[in-house]
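Trainee: I have a structure here, written as structure tokens, and I will follow up with some questions on it.
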Amino acid sequence: MDGGALYSIGDLARRTGLTVKTIRFYSDRGIVTPTDRSPAGHRRYDIEAAARLDLVCTLRDLGLGLAMIRKVVDRELSLTEVAATHAEALATQISALRLRRAVLTAVAERGATPEEMDLMHKLAKLSENERRRLVDDFLDTVFGGLGADPHFTGIRRSMTPELPDDPGTEQVRAWVELAELSQDPDFRAPVLDWSIQALRSQAPPSPAPGDR
């Protein structure tokens with residue numbers, strides 16, 4: 001296209017591969033505005049408008065909404081700012097999708113009921129702080145007054161798992177099973193017995209009467 005010429009919607013459609021209807025849609029919303037009009041009232045666009053339309057198409061392909069695109073093309077926001085914000089949002093979406101995939105795979109392999117699947121999904125999507133609180137509540141209940149023992153800190157640390165940002169199916173399954181067990185009273189009692197025995201085995205022997 002000649003930099004000094006004006007072009008019709010049809011010209012832009014042929015250049016970009018978009019439909020006339022789509023270009024008119026962007027034009028009606030002020031995202032790609034016409035430079036002038038012909039004597040018959042038809043819209044005419046210059047080369048800058050064509051470049052602006054190319055940018056709009058690229059941003060749309062990347063998933064940006066019209067409100068954000070308008071701010072970019074109007075220079076209210078820099079492309080760098082928008083790219084960083086959108087990349088962060090996409091990273092969150094990708095993480096959520098990976099977690100959903102892991103849960104669904106675990107459900108399929110486990111043959112879970114709808115109720116179990118709902119519980120698995122709720123447990124798996126807990127935030128890191130929420131997962132830690134769930135485990136802490138279990139450990140506080142199980143160990144009771146043993147928290148003051150110096151050996152307790154290491155045991156507690158070893159029993160506090162962390163689910164990574166991009167968990168695999170096995171990791172989701174293991175976490176959900178642990179979360180389910182932590183709420184089971186029949187599981188808490190033997191864990192308490194085990195912890196007491198473990199602490200006793202690590203405690204130094206009491207001195208014999210003659211050694212005092």
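Numbering starts fresh at 1 for the residues of each chain in the structure tokens, the chains themselves are lettered A, B, ... in the order given, and ligands are numbered from 1 as they appear.
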Name all residues at most 12 Å from Thr22 (chain A) (count only C-alpha atoms; drop same-chain ones fewer than 3 positions away) and give them as number ranges by chain.

Mentor: A: 9-10, 12-13, 16-19, 25-29, 31-32, 53, 56-57

Trainee: Restrict the selected residues to N, CA and C atoms and save them as a short mmCIF file (atom, residue, chain, number, x, y, z; two decimals), in the first residue's frame.

Mentor:
data_model
loop_
_atom_site.label_atom_id
_atom_site.label_comp_id
_atom_site.auth_asym_id
_atom_site.auth_seq_id
_atom_site.Cartn_x
_atom_site.Cartn_y
_atom_site.Cartn_z
N ILE A 9 -12.65 -0.21 3.10
CA ILE A 9 -12.74 -1.39 3.96
C ILE A 9 -12.41 -2.64 3.16
N GLY A 10 -12.85 -2.67 1.92
CA GLY A 10 -12.57 -3.82 1.08
C GLY A 10 -11.08 -4.01 0.86
N LEU A 12 -8.70 -3.08 2.94
CA LEU A 12 -8.14 -3.59 4.20
C LEU A 12 -8.48 -5.06 4.38
N ALA A 13 -9.68 -5.45 3.99
CA ALA A 13 -10.09 -6.84 4.13
C ALA A 13 -9.19 -7.75 3.30
N THR A 16 -5.63 -7.84 5.03
CA THR A 16 -5.50 -8.51 6.33
C THR A 16 -6.11 -9.90 6.37
N GLY A 17 -7.01 -10.20 5.43
CA GLY A 17 -7.70 -11.48 5.48
C GLY A 17 -8.92 -11.46 6.37
N LEU A 18 -9.22 -10.29 6.97
CA LEU A 18 -10.42 -10.15 7.79
C LEU A 18 -11.62 -9.88 6.90
N THR A 19 -12.79 -10.08 7.46
CA THR A 19 -14.00 -9.76 6.71
C THR A 19 -14.29 -8.28 6.83
N PHE A 25 -16.77 -3.56 12.46
CA PHE A 25 -17.00 -3.71 13.91
C PHE A 25 -15.95 -2.93 14.69
N TYR A 26 -14.66 -3.12 14.34
CA TYR A 26 -13.59 -2.39 15.01
C TYR A 26 -13.72 -0.88 14.76
N SER A 27 -14.13 -0.53 13.58
CA SER A 27 -14.25 0.89 13.24
C SER A 27 -15.39 1.53 14.02
N ASP A 28 -16.52 0.84 14.13
CA ASP A 28 -17.68 1.38 14.85
C ASP A 28 -17.36 1.60 16.32
N ARG A 29 -16.43 0.83 16.86
CA ARG A 29 -16.07 0.97 18.28
C ARG A 29 -14.86 1.87 18.49
N ILE A 31 -11.81 1.63 17.51
CA ILE A 31 -10.50 1.02 17.69
C ILE A 31 -9.64 1.26 16.47
N VAL A 32 -10.22 1.13 15.31
CA VAL A 32 -9.54 1.47 14.05
C VAL A 32 -10.45 2.47 13.34
N LEU A 53 -4.70 -1.81 12.54
CA LEU A 53 -5.53 -3.00 12.42
C LEU A 53 -4.69 -4.27 12.54
N VAL A 56 -4.14 -4.80 16.17
CA VAL A 56 -5.37 -5.29 16.79
C VAL A 56 -5.52 -6.79 16.55
N CYS A 57 -5.28 -7.22 15.32
CA CYS A 57 -5.41 -8.65 14.99
C CYS A 57 -4.43 -9.48 15.81
#

Trainee: Leaving out Glu109 (chain A) and any residue of its chain fewer than 6 positions from it, which residues lie within 12 Å of it when counting only C-alpha atoms, given as number ranges by chain?

Mentor: A: 102-103, 117, 169-170, 173

Trainee: For Arg44 (chain A), which residue out of A:Tyr7, A:Arg131, A:Thr58, A:Lys21 is the nearest one, using only C-alpha atoms?

Mentor: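 Using only C-alpha atoms, Arg44 (chain A) sits closest to A:Tyr7.
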
Trainee: So that I can see what lies close to Lys122 (chain A), please list as a list in words the residues with an atom at most 12 Å from it, counting only C-alpha atoms and leaving out residues fewer than 6 positions away in the same chain.

Mentor: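 What passes the distance filter is Leu99, Arg100, Val103, Glu115, Glu116, Glu130, Arg131, Val172, Trp175, Val176, Ala179 and Glu180 of chain A.
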
Trainee: Would you kindly return, as a list in words, each protein, DNA or RNA residue with an atom no farther than 8 Å from any atom of region 62-73 of chain A, considering only C-alpha atoms and excluding same-chain residues fewer than 6 positions away?

Mentor: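 Using only C-alpha atoms, the neighbours found are Ile31, Arg52, Leu55, Val56, Leu79, Val82 and His86 of chain A.
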
Trainee: Kindly export the residues of the current selection with C-alpha atoms, as a PDB file, in the first residue's frame.

Mentor:
ATOM      1  CA  ILE A  31     -10.504   1.020  17.693  1.00  0.00           C
ATOM      2  CA  ARG A  52      -3.212  -0.289  13.701  1.00  0.00           C
ATOM      3  CA  LEU A  55      -1.766  -4.736  15.792  1.00  0.00           C
ATOM      4  CA  VAL A  56      -5.374  -5.289  16.788  1.00  0.00           C
ATOM      5  CA  LEU A  79       2.576  -2.894  25.091  1.00  0.00           C
ATOM      6  CA  VAL A  82      -0.037  -5.266  28.795  1.00  0.00           C
ATOM      7  CA  HIS A  86      -1.471 -10.893  30.221  1.00  0.00           C
TER       8      HIS A  86
END

Trainee: Report, in Å with one decimal, the straight-line distance from CA of Ser8 (chain A) to CA of His42 (chain A).

Mentor: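 According to the coordinates, CA of Ser8 (chain A) and CA of His42 (chain A) are separated by 7.5 Å.
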
Trainee: Write down as a count of residues only the residues belonging to region 2-117 of chain A that are assigned helix (DSSP H, G or I) by DSSP computed on the backbone.

Mentor: 76

Trainee: Report the distance between CA of Leu178 (chain A) and CA of Ala106 (chain A) in Å, rounded to one decimal place.

Mentor: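 That distance, rounded to one decimal, is 14.2 Å.
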